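Undergrad: So I've got this file, upload18.txt, and it contains compact mmCIF, C-alpha atoms (C1' of nucleotides):
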# COMPACT_ATOMS: atom_id res chain seq x y z
CA MET A 15 -1.25 -6.15 31.61
CA VAL A 16 1.38 -7.05 29.14
CA ALA A 17 4.32 -8.60 30.96
CA ALA A 18 5.93 -5.19 31.04
CA GLY A 19 9.58 -5.98 31.43
CA PRO A 20 12.24 -3.31 31.57
CA GLY A 21 13.09 -1.80 28.23
CA CYS A 22 9.54 -2.00 26.98
CA VAL A 23 8.84 1.60 27.74
CA THR A 24 11.38 3.43 25.68
CA ASP A 25 13.22 6.45 27.00
CA GLY A 26 10.57 8.98 27.79
CA VAL A 27 8.24 7.60 25.18
CA HIS A 28 5.52 5.97 27.23
CA ASP A 29 2.92 4.38 24.97
CA ALA A 30 0.32 6.64 26.51
CA GLU A 31 -3.26 6.02 25.55
CA MET A 32 -2.75 4.34 22.20
CA ASP A 33 -6.05 2.75 21.27
CA VAL A 34 -6.37 -0.49 19.31
CA ALA A 35 -7.15 1.27 16.03
CA THR A 36 -4.10 3.51 16.18
CA GLY A 37 -1.98 0.57 17.17
CA LEU A 38 -3.22 -1.46 14.22
CA VAL A 39 -2.56 1.38 11.77
CA GLN A 40 0.96 1.90 13.06
CA LEU A 41 1.70 -1.82 13.17
CA THR A 42 0.47 -2.05 9.60
CA GLY A 43 2.81 0.76 8.61
CA LEU A 44 5.67 -1.06 10.26
CA VAL A 45 4.94 -4.33 8.47
CA GLN A 46 4.45 -2.59 5.14
CA GLY A 47 7.71 -0.75 5.59
CA ILE A 48 9.57 -3.98 6.20
CA TYR A 49 7.86 -5.69 3.28
CA THR A 50 8.76 -2.82 0.98
CA ARG A 51 12.33 -2.55 2.20
CA VAL A 52 12.98 -6.28 1.77
CA SER A 53 11.35 -6.16 -1.67
CA GLU A 54 13.69 -3.39 -2.74
CA ARG A 55 16.65 -5.32 -1.41
CA HIS A 56 15.65 -8.09 -3.83
CA ASP A 57 15.03 -5.63 -6.64
CA LEU A 58 11.29 -6.25 -6.59
CA THR A 59 8.29 -4.03 -6.10
CA PRO A 60 6.09 -5.05 -3.18
CA VAL A 61 3.36 -6.18 -5.57
CA GLN A 62 5.80 -8.27 -7.58
CA ALA A 63 7.10 -9.84 -4.39
CA ARG A 64 3.57 -10.71 -3.42
CA LEU A 65 2.89 -12.20 -6.83
CA LEU A 66 5.96 -14.41 -6.61
CA CYS A 67 4.99 -15.57 -3.12
CA VAL A 68 1.51 -16.54 -4.27
CA LEU A 69 2.96 -18.42 -7.23
CA LEU A 70 5.15 -20.43 -4.85
CA GLY A 71 1.90 -22.20 -4.06
CA GLY A 72 1.64 -23.45 -7.63
CA PRO A 73 0.44 -22.25 -11.05
CA ARG A 74 -2.50 -19.88 -11.15
CA GLY A 75 -4.79 -18.44 -13.81
CA MET A 76 -5.02 -14.71 -14.46
CA ALA A 77 -8.58 -14.39 -13.18
CA GLU A 78 -7.66 -16.42 -10.13
CA LEU A 79 -4.76 -14.10 -9.36
CA ALA A 80 -6.91 -11.04 -9.90
CA ARG A 81 -9.45 -12.36 -7.40
CA CYS A 82 -6.68 -13.21 -4.98
CA PHE A 83 -5.20 -9.71 -5.22
CA GLY A 84 -8.56 -8.03 -5.17
CA VAL A 85 -7.95 -6.21 -8.44
CA GLU A 86 -9.46 -6.25 -11.93
CA LYS A 87 -8.27 -8.70 -14.54
CA ALA A 88 -6.82 -5.88 -16.59
CA ALA A 89 -4.47 -4.95 -13.76
CA LEU A 90 -3.10 -8.50 -13.77
CA THR A 91 -2.27 -8.24 -17.44
CA GLY A 92 0.03 -5.30 -16.77
CA LEU A 93 1.48 -6.94 -13.69
CA MET A 94 2.28 -10.12 -15.61
CA ASN A 95 3.66 -8.21 -18.58
CA ARG A 96 6.21 -6.58 -16.30
CA ALA A 97 6.95 -9.77 -14.38
CA GLU A 98 7.40 -11.66 -17.63
CA ARG A 99 9.59 -8.95 -19.16
CA ARG A 100 11.79 -9.21 -16.08
CA GLY A 101 11.99 -12.98 -16.36
CA LEU A 102 10.29 -13.73 -13.06
CA ALA A 103 7.15 -15.49 -14.25
CA GLN A 104 5.68 -16.79 -17.47
CA ARG A 105 2.39 -17.52 -19.14
CA SER A 106 1.75 -20.91 -20.64
CA SER A 107 -1.32 -22.33 -22.29
CA VAL A 108 -3.72 -24.64 -20.52
CA PRO A 109 -4.40 -28.00 -22.27
CA GLY A 110 -8.12 -28.21 -21.60
CA ASP A 111 -9.13 -24.58 -22.16
CA ARG A 112 -7.90 -22.51 -25.09
CA ARG A 113 -8.99 -19.23 -23.51
CA ALA A 114 -7.01 -19.67 -20.32
CA VAL A 115 -3.36 -19.20 -19.50
CA GLN A 116 -1.41 -20.62 -16.62
CA VAL A 117 1.06 -18.45 -14.77
CA THR A 118 4.15 -20.13 -13.39
CA LEU A 119 7.43 -19.01 -11.86
CA THR A 120 10.61 -19.12 -13.86
CA ASP A 121 13.65 -20.57 -12.14
CA ALA A 122 14.86 -17.05 -11.41
CA GLY A 123 11.43 -16.17 -10.12
CA ARG A 124 11.28 -19.16 -7.81
CA GLN A 125 14.72 -18.37 -6.49
CA ALA A 126 13.77 -14.75 -5.87
CA ALA A 127 10.52 -15.79 -4.23
CA ILE A 128 12.21 -18.18 -1.83
CA ALA A 129 14.92 -15.69 -0.91
CA PHE A 130 12.41 -12.88 -0.43
CA HIS A 131 10.09 -15.00 1.63
CA ALA A 132 12.83 -16.19 3.94
CA GLU A 133 14.11 -12.71 4.54
CA VAL A 134 10.78 -11.05 5.08
CA SER A 135 9.72 -13.82 7.45
CA ALA A 136 12.89 -13.38 9.44
CA GLU A 137 12.49 -9.61 9.67
CA LEU A 138 8.86 -9.84 10.65
CA GLY A 139 9.78 -12.44 13.23
CA HIS A 140 12.20 -9.96 14.80
CA LEU A 141 9.30 -7.59 15.31
CA THR A 142 8.02 -9.72 18.17
CA SER A 143 11.39 -10.84 19.42
CA GLN A 144 11.21 -8.47 22.37
CA LEU A 145 8.13 -10.19 23.72
CA THR A 146 8.50 -13.04 26.13
CA PRO A 147 8.01 -16.46 24.48
CA HIS A 148 4.71 -16.64 26.31
CA ASP A 149 3.51 -13.23 25.09
CA ARG A 150 4.78 -14.01 21.63
CA GLU A 151 2.63 -17.11 21.46
CA LEU A 152 -0.31 -15.18 22.83
CA PHE A 153 0.16 -12.55 20.16
CA ARG A 154 0.46 -15.15 17.42
CA GLY A 155 -2.71 -16.83 18.57
CA MET A 156 -4.75 -13.65 18.83
CA THR A 157 -3.59 -12.54 15.41
CA ALA A 158 -4.59 -15.88 13.93
CA GLU A 159 -7.93 -15.63 15.66
CA ILE A 160 -8.63 -12.16 14.24
CA ILE A 161 -7.74 -13.32 10.77
CA ALA A 162 -9.78 -16.50 10.98
CA ARG A 163 -12.85 -14.53 11.96
CA CYS A 164 -12.48 -12.07 9.11
CA ARG A 165 -11.76 -14.81 6.61
CA THR A 166 -15.28 -15.99 7.20
CA SER A 167 -16.93 -12.58 7.12
CA SER A 168 -15.95 -12.03 3.50
CA LEU A 169 -13.82 -9.33 1.96
CA SER A 170 -10.31 -10.68 2.35
CA ASP A 171 -7.84 -12.07 -0.13
CA THR A 172 -8.63 -15.67 -0.71
CA CYS A 173 -5.31 -17.14 -1.68
CA MET B 24 -3.22 -20.26 24.86
CA VAL B 25 -5.50 -17.56 23.64
CA ALA B 26 -8.76 -17.74 25.54
CA ALA B 27 -10.16 -19.86 22.74
CA GLY B 28 -13.86 -19.43 23.05
CA PRO B 29 -16.35 -21.19 20.82
CA GLY B 30 -16.64 -19.71 17.36
CA CYS B 31 -13.00 -18.77 17.17
CA VAL B 32 -12.08 -21.74 15.10
CA THR B 33 -14.16 -21.29 11.99
CA ASP B 34 -15.88 -24.18 10.31
CA GLY B 35 -13.17 -26.54 9.29
CA VAL B 36 -10.61 -23.78 9.06
CA HIS B 37 -8.37 -24.38 12.03
CA ASP B 38 -5.64 -21.75 12.17
CA ALA B 39 -3.12 -24.52 11.79
CA GLU B 40 0.52 -23.56 12.06
CA MET B 41 0.33 -19.93 11.13
CA ASP B 42 3.61 -18.36 12.16
CA VAL B 43 3.97 -14.81 13.41
CA ALA B 44 5.25 -13.49 10.09
CA THR B 45 2.34 -14.89 8.10
CA GLY B 46 -0.05 -13.62 10.72
CA LEU B 47 1.42 -10.14 10.53
CA VAL B 48 1.23 -10.07 6.73
CA GLN B 49 -2.38 -11.17 6.72
CA LEU B 50 -3.34 -8.82 9.52
CA THR B 51 -1.68 -6.01 7.58
CA GLY B 52 -3.71 -6.94 4.52
CA LEU B 53 -6.85 -6.85 6.60
CA VAL B 54 -6.10 -3.42 8.05
CA GLN B 55 -5.09 -2.04 4.66
CA GLY B 56 -8.28 -3.38 3.14
CA ILE B 57 -10.38 -1.66 5.77
CA TYR B 58 -8.43 1.58 5.43
CA THR B 59 -8.86 1.53 1.66
CA ARG B 60 -12.52 0.62 1.79
CA VAL B 61 -13.35 3.38 4.26
CA SER B 62 -11.31 5.84 2.19
CA GLU B 63 -13.32 4.99 -0.89
CA ARG B 64 -16.53 5.39 1.05
CA HIS B 65 -15.42 8.97 1.74
CA ASP B 66 -14.31 9.51 -1.84
CA LEU B 67 -10.65 9.65 -0.84
CA THR B 68 -7.60 7.69 -1.85
CA PRO B 69 -5.83 6.01 1.07
CA VAL B 70 -2.93 8.42 0.75
CA GLN B 71 -5.23 11.42 0.77
CA ALA B 72 -7.01 10.07 3.84
CA ARG B 73 -3.67 9.70 5.55
CA LEU B 74 -2.68 13.23 4.62
CA LEU B 75 -5.88 14.63 6.06
CA CYS B 76 -5.43 12.67 9.27
CA VAL B 77 -1.90 13.99 9.73
CA LEU B 78 -3.09 17.54 9.11
CA LEU B 79 -5.68 17.13 11.86
CA GLY B 80 -2.66 17.47 14.14
CA GLY B 81 -2.04 20.99 12.87
CA PRO B 82 -0.35 22.80 9.95
CA ARG B 83 2.71 21.18 8.42
CA GLY B 84 5.38 22.16 5.92
CA MET B 85 5.92 20.25 2.68
CA ALA B 86 9.31 18.89 3.69
CA GLU B 87 7.92 17.91 7.06
CA LEU B 88 5.08 15.99 5.41
CA ALA B 89 7.47 14.30 3.00
CA ARG B 90 9.61 13.12 5.91
CA CYS B 91 6.51 11.97 7.76
CA PHE B 92 5.29 9.97 4.76
CA GLY B 93 8.73 8.66 3.90
CA VAL B 94 8.60 10.04 0.35
CA GLU B 95 10.50 12.65 -1.65
CA LYS B 96 9.49 16.29 -1.57
CA ALA B 97 8.44 16.10 -5.21
CA ALA B 98 5.84 13.48 -4.38
CA LEU B 99 4.29 15.83 -1.86
CA THR B 100 3.92 18.52 -4.47
CA GLY B 101 1.74 16.26 -6.57
CA LEU B 102 -0.17 15.03 -3.57
CA MET B 103 -0.90 18.57 -2.44
CA ASN B 104 -1.81 19.72 -5.94
CA ARG B 105 -4.50 17.06 -6.09
CA ALA B 106 -5.67 17.68 -2.51
CA GLU B 107 -5.84 21.40 -3.19
CA ARG B 108 -7.63 20.95 -6.49
CA ARG B 109 -10.20 18.88 -4.63
CA GLY B 110 -10.61 21.50 -1.95
CA LEU B 111 -9.36 19.38 0.93
CA ALA B 112 -6.21 21.25 1.91
CA GLN B 113 -4.46 24.49 1.04
CA ARG B 114 -1.03 26.05 0.97
CA SER B 115 -0.42 29.35 2.69
CA SER B 116 2.76 31.35 3.08
CA VAL B 117 4.79 31.37 6.27
CA PRO B 118 5.47 34.80 7.80
CA GLY B 119 9.07 34.24 8.85
CA ASP B 120 10.34 32.29 5.81
CA ARG B 121 9.55 33.26 2.25
CA ARG B 122 10.64 29.88 0.88
CA ALA B 123 8.28 27.85 3.00
CA VAL B 124 4.59 27.09 2.71
CA GLN B 125 2.25 25.89 5.40
CA VAL B 126 -0.30 23.22 4.61
CA THR B 127 -3.63 23.40 6.38
CA LEU B 128 -7.00 21.68 6.08
CA THR B 129 -9.92 23.46 4.49
CA ASP B 130 -13.23 23.23 6.30
CA ALA B 131 -14.29 20.48 3.92
CA GLY B 132 -10.97 18.74 4.50
CA ARG B 133 -11.30 18.88 8.26
CA GLN B 134 -14.82 17.56 8.05
CA ALA B 135 -13.72 14.70 5.79
CA ALA B 136 -10.77 13.95 8.05
CA ILE B 137 -12.88 13.74 11.17
CA ALA B 138 -15.52 11.58 9.51
CA PHE B 139 -12.93 9.27 7.98
CA HIS B 140 -11.01 8.94 11.20
CA ALA B 141 -14.09 8.10 13.23
CA GLU B 142 -15.20 5.47 10.78
CA VAL B 143 -11.86 3.80 10.28
CA SER B 144 -11.29 3.73 14.04
CA ALA B 145 -14.64 2.09 14.56
CA GLU B 146 -14.06 -0.53 11.89
CA LEU B 147 -10.58 -1.31 13.14
CA GLY B 148 -11.96 -1.56 16.64
CA HIS B 149 -14.41 -4.21 15.44
CA LEU B 150 -11.46 -6.28 14.33
CA THR B 151 -10.67 -7.17 17.92
CA SER B 152 -14.25 -7.20 19.16
CA GLN B 153 -14.29 -10.98 19.24
CA LEU B 154 -11.51 -11.08 21.79
CA THR B 155 -12.35 -11.04 25.47
CA PRO B 156 -11.86 -7.63 27.09
CA HIS B 157 -8.83 -9.08 28.79
CA ASP B 158 -7.29 -10.41 25.57
CA ARG B 159 -8.15 -7.22 23.80
CA GLU B 160 -6.20 -5.19 26.33
CA LEU B 161 -3.34 -7.66 26.10
CA PHE B 162 -3.32 -7.30 22.32
CA ARG B 163 -3.41 -3.52 22.52
CA GLY B 164 -0.52 -3.51 24.94
CA MET B 165 1.65 -5.87 22.94
CA THR B 166 1.00 -3.92 19.77
CA ALA B 167 1.97 -0.68 21.50
CA GLU B 168 5.08 -2.38 22.81
CA ILE B 169 6.15 -3.57 19.37
CA ILE B 170 5.64 -0.11 17.93
CA ALA B 171 7.44 1.66 20.76
CA ARG B 172 10.46 -0.55 20.27
CA CYS B 173 10.61 0.08 16.53
CA ARG B 174 10.05 3.80 16.94
CA THR B 175 13.41 3.89 18.67
CA SER B 176 15.23 1.67 16.24
CA SER B 177 14.79 4.13 13.36
CA LEU B 178 13.02 3.69 10.06
CA SER B 179 9.43 4.49 10.92
CA ASP B 180 7.21 7.43 10.11
CA THR B 181 7.85 10.14 12.64
CA CYS B 182 4.57 12.00 12.73
C1' DT C 6 -24.54 -16.21 -22.52
C1' DA C 7 -20.76 -16.57 -19.46
C1' DT C 8 -15.87 -16.76 -18.87
C1' DT C 9 -10.85 -15.80 -19.99
C1' DG C 10 -7.85 -12.68 -21.14
C1' DT C 11 -6.27 -8.37 -23.72
C1' DT C 12 -6.12 -3.49 -25.36
C1' DA C 13 -6.83 1.44 -24.80
C1' DT C 14 -7.15 5.26 -21.89
C1' DA C 15 -6.79 7.87 -17.77
C1' DC C 16 -5.61 8.72 -13.06
C1' DT C 17 -2.82 8.34 -8.61
C1' DC C 18 1.46 7.73 -6.50
C1' DT C 19 6.29 7.55 -6.61
C1' DA C 20 11.39 8.40 -7.93
C1' DT C 21 15.10 11.03 -10.04
C1' DA C 22 17.16 15.01 -11.74
C1' DA C 23 17.36 19.76 -12.66
C1' DC C 24 15.78 24.05 -11.27
C1' DT C 25 14.37 28.62 -8.51
C1' DA C 26 14.26 31.24 -4.55
C1' DT C 27 15.44 32.17 -0.05
C1' DA C 28 18.25 31.50 4.32
C1' DT D 12 26.18 26.21 0.97
C1' DA D 13 22.00 24.45 2.72
C1' DT D 14 17.05 24.37 2.81
C1' DA D 15 12.11 24.81 0.82
C1' DG D 16 9.59 23.89 -2.80
C1' DT D 17 8.58 23.17 -7.94
C1' DT D 18 8.89 21.27 -12.67
C1' DA D 19 9.74 17.64 -15.97
C1' DT D 20 9.92 13.03 -17.00
C1' DA D 21 9.36 8.20 -16.38
C1' DG D 22 7.46 4.10 -14.47
C1' DA D 23 4.36 1.07 -11.48
C1' DG D 24 -0.21 0.05 -10.21
C1' DT D 25 -5.04 0.55 -10.71
C1' DA D 26 -9.91 1.30 -12.81
C1' DT D 27 -13.17 1.45 -16.58
C1' DA D 28 -14.79 0.29 -20.93
C1' DA D 29 -14.63 -2.09 -25.13
C1' DC D 30 -13.05 -6.08 -27.32
C1' DA D 31 -11.75 -11.11 -29.02
C1' DA D 32 -11.87 -15.85 -28.42
C1' DT D 33 -13.59 -19.79 -26.36
C1' DA D 34 -16.79 -22.48 -23.35
What does this structure look like when you write it as structure tokens?
TA:
Amino acid sequence: MVAAGPGCVTDGVHDAEMDVATGLVQLTGLVQGIYTRVSERHDLTPVQARLLCVLLGGPRGMAELARCFGVEKAALTGLMNRAERRGLAQRSSVPGDRRAVQVTLTDAGRQAAIAFHAEVSAELGHLTSQLTPHDRELFRGMTAEIIARCRTSSLSDTC
Amino acid sequence: MVAAGPGCVTDGVHDAEMDVATGLVQLTGLVQGIYTRVSERHDLTPVQARLLCVLLGGPRGMAELARCFGVEKAALTGLMNRAERRGLAQRSSVPGDRRAVQVTLTDAGRQAAIAFHAEVSAELGHLTSQLTPHDRELFRGMTAEIIARCRTSSLSDTC
DNA sequence: TATTGTTATACTCTATAACTATA
DNA sequence: TATAGTTATAGAGTATAACAATA
């Protein structure tokens, strides 16, 4: 049983019979809601926010980003056009390969990315703040375990 | 520590230092990916699949659905137009109120909803199948706890 | 031939604003 | 006036298909 301290079961709303699948769907909705809300607060769409966060890891090619987002190359073109028009990221040419472009953050983009990332991390952290430190670490570990398993069995974003 | 059985730490990829926030984002991506993939398998968009699942709970009004999805009424009109055109759901008039419409599933819609729900539940269940029964129940409980807390502190779908 | 990226087109989903009809 | 729903318009995000340029 989950260290069920007082206050866990909210007034009259006992978490009766919620199976893992339902829990995962609702948790996903919660996380998405937070991600979207923080994005809006920073005047970004969720997809733009995600793009900026990925680019914090360094320059990326268009095809690489498409793979990472799990979308077609053509979708990236539109995404980058909008990001570039808004001054968040930019294309530059790659020395060795005249076909390729390199996508990098502008200063404004980097600033936005850092601010967004900090805020969304903080808000997501709050989500588990009610758990005991012990449960919180348990939860973190199990989440990491689930992800690690699925990373191997294909199909996830690789970025 | 999470009952760290063999095979949890995947070849060379130790889940080093993944914080709760990152874990939640990646888990969300995983769940979304599954939801989307299963939707496609049933020739539905994720939003349509969600609409059908909500309607499994009984007839709903347009405004009610909009509130439940966290979108404007106008968005629901488009959503329902497409769902109706595809024969998944239908509008019918409400006896007591000549402004209102009632949205219900068609037979095809109900069938699709049930099939989708079963499949997505199964796939999401697999996500935690690597955990020990004990850990799995712990995870379920903590997830339910997180959701219950946030249900009270506003901002989530109420449906 | 394979890869990188773009253009053109179409569809879904969403928001905002203005509107009708009913309560 | 408030509520239920629609229409019109605009924009983001995505897919497919066809294309250009380079490797």
Undergrad: Mind checking which residues fall within 8 Å of region 15-26 of chain C, counting all atoms listed in the file, ignoring those fewer than 6 positions away in the same chain, and posting them as a VMD selection string?
TA: (chain B and resid 94 to 95 98 122) or (chain D and resid 17 to 18)
Undergrad: What would chain A look like once superposed on chain B, with the fit done by least squares over all C-alpha atoms paired in order? Give it as a compact mmCIF listing (two decimals) with C-alpha atoms, in the frame of the given file.
TA:
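Final output, saved to out-v3.txt:
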# COMPACT_ATOMS: atom_id res chain seq x y z
CA MET A 15 -2.97 -20.26 24.85
CA VAL A 16 -5.32 -17.65 23.64
CA ALA A 17 -8.55 -17.88 25.60
CA ALA A 18 -9.95 -20.05 22.85
CA GLY A 19 -13.66 -19.64 23.24
CA PRO A 20 -16.15 -21.31 20.95
CA GLY A 21 -16.49 -19.68 17.57
CA CYS A 22 -12.83 -18.79 17.38
CA VAL A 23 -12.01 -21.73 15.20
CA THR A 24 -14.16 -21.19 12.18
CA ASP A 25 -15.95 -24.04 10.48
CA GLY A 26 -13.27 -26.41 9.38
CA VAL A 27 -10.73 -23.66 9.08
CA HIS A 28 -8.39 -24.33 11.96
CA ASP A 29 -5.63 -21.73 12.08
CA ALA A 30 -3.11 -24.50 11.65
CA GLU A 31 0.52 -23.57 11.97
CA MET A 32 0.33 -19.90 11.07
CA ASP A 33 3.61 -18.35 12.11
CA VAL A 34 3.97 -14.79 13.39
CA ALA A 35 5.26 -13.45 10.06
CA THR A 36 2.36 -14.84 8.06
CA GLY A 37 -0.05 -13.59 10.67
CA LEU A 38 1.42 -10.10 10.51
CA VAL A 39 1.24 -10.01 6.70
CA GLN A 40 -2.37 -11.14 6.68
CA LEU A 41 -3.34 -8.79 9.50
CA THR A 42 -1.70 -5.98 7.57
CA GLY A 43 -3.72 -6.90 4.50
CA LEU A 44 -6.87 -6.84 6.57
CA VAL A 45 -6.13 -3.41 8.03
CA GLN A 46 -5.12 -2.01 4.65
CA GLY A 47 -8.29 -3.35 3.12
CA ILE A 48 -10.41 -1.64 5.74
CA TYR A 49 -8.46 1.59 5.41
CA THR A 50 -8.89 1.56 1.65
CA ARG A 51 -12.56 0.65 1.76
CA VAL A 52 -13.38 3.41 4.26
CA SER A 53 -11.34 5.87 2.20
CA GLU A 54 -13.35 5.04 -0.89
CA ARG A 55 -16.57 5.43 1.05
CA HIS A 56 -15.45 9.00 1.76
CA ASP A 57 -14.33 9.53 -1.82
CA LEU A 58 -10.67 9.69 -0.84
CA THR A 59 -7.63 7.72 -1.85
CA PRO A 60 -5.87 6.02 1.06
CA VAL A 61 -2.94 8.42 0.75
CA GLN A 62 -5.24 11.44 0.77
CA ALA A 63 -7.02 10.08 3.82
CA ARG A 64 -3.69 9.70 5.55
CA LEU A 65 -2.69 13.23 4.61
CA LEU A 66 -5.89 14.65 6.05
CA CYS A 67 -5.44 12.68 9.27
CA VAL A 68 -1.91 13.98 9.72
CA LEU A 69 -3.09 17.54 9.10
CA LEU A 70 -5.68 17.13 11.86
CA GLY A 71 -2.67 17.48 14.13
CA GLY A 72 -2.04 21.00 12.85
CA PRO A 73 -0.36 22.78 9.92
CA ARG A 74 2.71 21.17 8.42
CA GLY A 75 5.40 22.15 5.93
CA MET A 76 5.93 20.23 2.70
CA ALA A 77 9.32 18.85 3.71
CA GLU A 78 7.91 17.88 7.08
CA LEU A 79 5.08 15.96 5.43
CA ALA A 80 7.47 14.29 3.02
CA ARG A 81 9.59 13.08 5.93
CA CYS A 82 6.50 11.93 7.76
CA PHE A 83 5.28 9.95 4.75
CA GLY A 84 8.70 8.65 3.92
CA VAL A 85 8.61 10.01 0.39
CA GLU A 86 10.54 12.62 -1.60
CA LYS A 87 9.53 16.25 -1.53
CA ALA A 88 8.52 16.09 -5.17
CA ALA A 89 5.90 13.46 -4.38
CA LEU A 90 4.33 15.82 -1.85
CA THR A 91 3.98 18.51 -4.48
CA GLY A 92 1.80 16.23 -6.59
CA LEU A 93 -0.12 15.01 -3.57
CA MET A 94 -0.87 18.57 -2.46
CA ASN A 95 -1.76 19.69 -5.97
CA ARG A 96 -4.46 17.04 -6.10
CA ALA A 97 -5.63 17.66 -2.54
CA GLU A 98 -5.79 21.38 -3.21
CA ARG A 99 -7.60 20.93 -6.52
CA ARG A 100 -10.18 18.87 -4.65
CA GLY A 101 -10.57 21.52 -1.98
CA LEU A 102 -9.34 19.38 0.90
CA ALA A 103 -6.19 21.25 1.89
CA GLN A 104 -4.42 24.46 1.03
CA ARG A 105 -1.00 26.03 0.94
CA SER A 106 -0.39 29.32 2.66
CA SER A 107 2.77 31.32 3.09
CA VAL A 108 4.78 31.32 6.28
CA PRO A 109 5.47 34.78 7.82
CA GLY A 110 9.06 34.19 8.88
CA ASP A 111 10.35 32.23 5.88
CA ARG A 112 9.62 33.21 2.29
CA ARG A 113 10.71 29.83 0.92
CA ALA A 114 8.32 27.79 3.03
CA VAL A 115 4.64 27.06 2.73
CA GLN A 116 2.26 25.88 5.39
CA VAL A 117 -0.28 23.21 4.59
CA THR A 118 -3.61 23.41 6.36
CA LEU A 119 -6.98 21.70 6.05
CA THR A 120 -9.89 23.48 4.47
CA ASP A 121 -13.21 23.26 6.28
CA ALA A 122 -14.28 20.51 3.90
CA GLY A 123 -10.99 18.77 4.48
CA ARG A 124 -11.31 18.92 8.25
CA GLN A 125 -14.83 17.59 8.04
CA ALA A 126 -13.74 14.74 5.79
CA ALA A 127 -10.79 13.97 8.03
CA ILE A 128 -12.91 13.77 11.17
CA ALA A 129 -15.55 11.61 9.50
CA PHE A 130 -12.95 9.30 7.98
CA HIS A 131 -11.04 8.96 11.20
CA ALA A 132 -14.11 8.11 13.22
CA GLU A 133 -15.24 5.49 10.78
CA VAL A 134 -11.91 3.83 10.28
CA SER A 135 -11.32 3.74 14.03
CA ALA A 136 -14.68 2.11 14.55
CA GLU A 137 -14.08 -0.51 11.87
CA LEU A 138 -10.62 -1.31 13.12
CA GLY A 139 -12.01 -1.56 16.62
CA HIS A 140 -14.45 -4.22 15.42
CA LEU A 141 -11.49 -6.30 14.30
CA THR A 142 -10.71 -7.19 17.90
CA SER A 143 -14.27 -7.23 19.12
CA GLN A 144 -14.31 -11.02 19.20
CA LEU A 145 -11.53 -11.12 21.75
CA THR A 146 -12.37 -11.11 25.41
CA PRO A 147 -11.89 -7.68 27.04
CA HIS A 148 -8.86 -9.14 28.75
CA ASP A 149 -7.31 -10.47 25.53
CA ARG A 150 -8.19 -7.25 23.77
CA GLU A 151 -6.23 -5.25 26.30
CA LEU A 152 -3.37 -7.70 26.07
CA PHE A 153 -3.34 -7.32 22.31
CA ARG A 154 -3.46 -3.54 22.52
CA GLY A 155 -0.57 -3.52 24.93
CA MET A 156 1.62 -5.87 22.93
CA THR A 157 0.96 -3.91 19.77
CA ALA A 158 1.93 -0.69 21.51
CA GLU A 159 5.04 -2.35 22.84
CA ILE A 160 6.12 -3.54 19.37
CA ILE A 161 5.59 -0.09 17.95
CA ALA A 162 7.39 1.68 20.77
CA ARG A 163 10.43 -0.51 20.27
CA CYS A 164 10.57 0.11 16.55
CA ARG A 165 10.00 3.82 16.96
CA THR A 166 13.34 3.93 18.68
CA SER A 167 15.19 1.71 16.24
CA SER A 168 14.70 4.18 13.40
CA LEU A 169 12.95 3.74 10.10
CA SER A 170 9.34 4.50 10.93
CA ASP A 171 7.12 7.43 10.11
CA THR A 172 7.75 10.14 12.59
CA CYS A 173 4.49 12.01 12.68
Undergrad: In Å, rounded to a single decimal, give me how far CA of Gly56 (chain B) is from CA of Arg105 (chain A).
TA: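 So the two atoms, CA of Arg105 (chain A) and CA of Gly56 (chain B), lie 28.5 Å apart.
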Undergrad: Let me make sure I understand: among A:Cys67, A:Val45, A:Ala129, A:Ile160, which one has the smallest atom-to-atom distance to Thr142 (chain A) if we use only C-alpha atoms?
TA: A:Val45
Undergrad: Just to confirm, what's the straight-line distance from CA of Met41 (chain B) to CA of Leu70 (chain A) in Å (one decimal)?
TA: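 That distance, rounded to one decimal, is 16.7 Å.
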Undergrad: To one decimal place in Å, what is the distance between CA of Cys82 (chain A) and CA of Cys173 (chain A)?
TA: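 It comes out at 5.3 Å.
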Undergrad: Output region 155-161 of chain B with N, CA and C atoms present, as a compact mmCIF listing (two decimals), keeping the file's coordinate frame.
TA:
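Wrote it out as part16.txt, contents follow:
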# COMPACT_ATOMS: atom_id res chain seq x y z
N THR B 155 -11.83 -11.41 24.16
CA THR B 155 -12.35 -11.04 25.47
C THR B 155 -11.75 -9.69 25.83
N PRO B 156 -12.40 -8.92 26.68
CA PRO B 156 -11.86 -7.63 27.09
C PRO B 156 -10.41 -7.78 27.58
N HIS B 157 -10.18 -8.85 28.27
CA HIS B 157 -8.83 -9.08 28.79
C HIS B 157 -7.83 -9.28 27.64
N ASP B 158 -8.17 -10.15 26.71
CA ASP B 158 -7.29 -10.41 25.57
C ASP B 158 -7.10 -9.16 24.72
N ARG B 159 -8.19 -8.44 24.59
CA ARG B 159 -8.15 -7.22 23.80
C ARG B 159 -7.13 -6.23 24.38
N GLU B 160 -7.15 -6.10 25.67
CA GLU B 160 -6.20 -5.19 26.33
C GLU B 160 -4.78 -5.73 26.21
N LEU B 161 -4.64 -7.04 26.30
CA LEU B 161 -3.34 -7.66 26.10
C LEU B 161 -2.82 -7.34 24.70
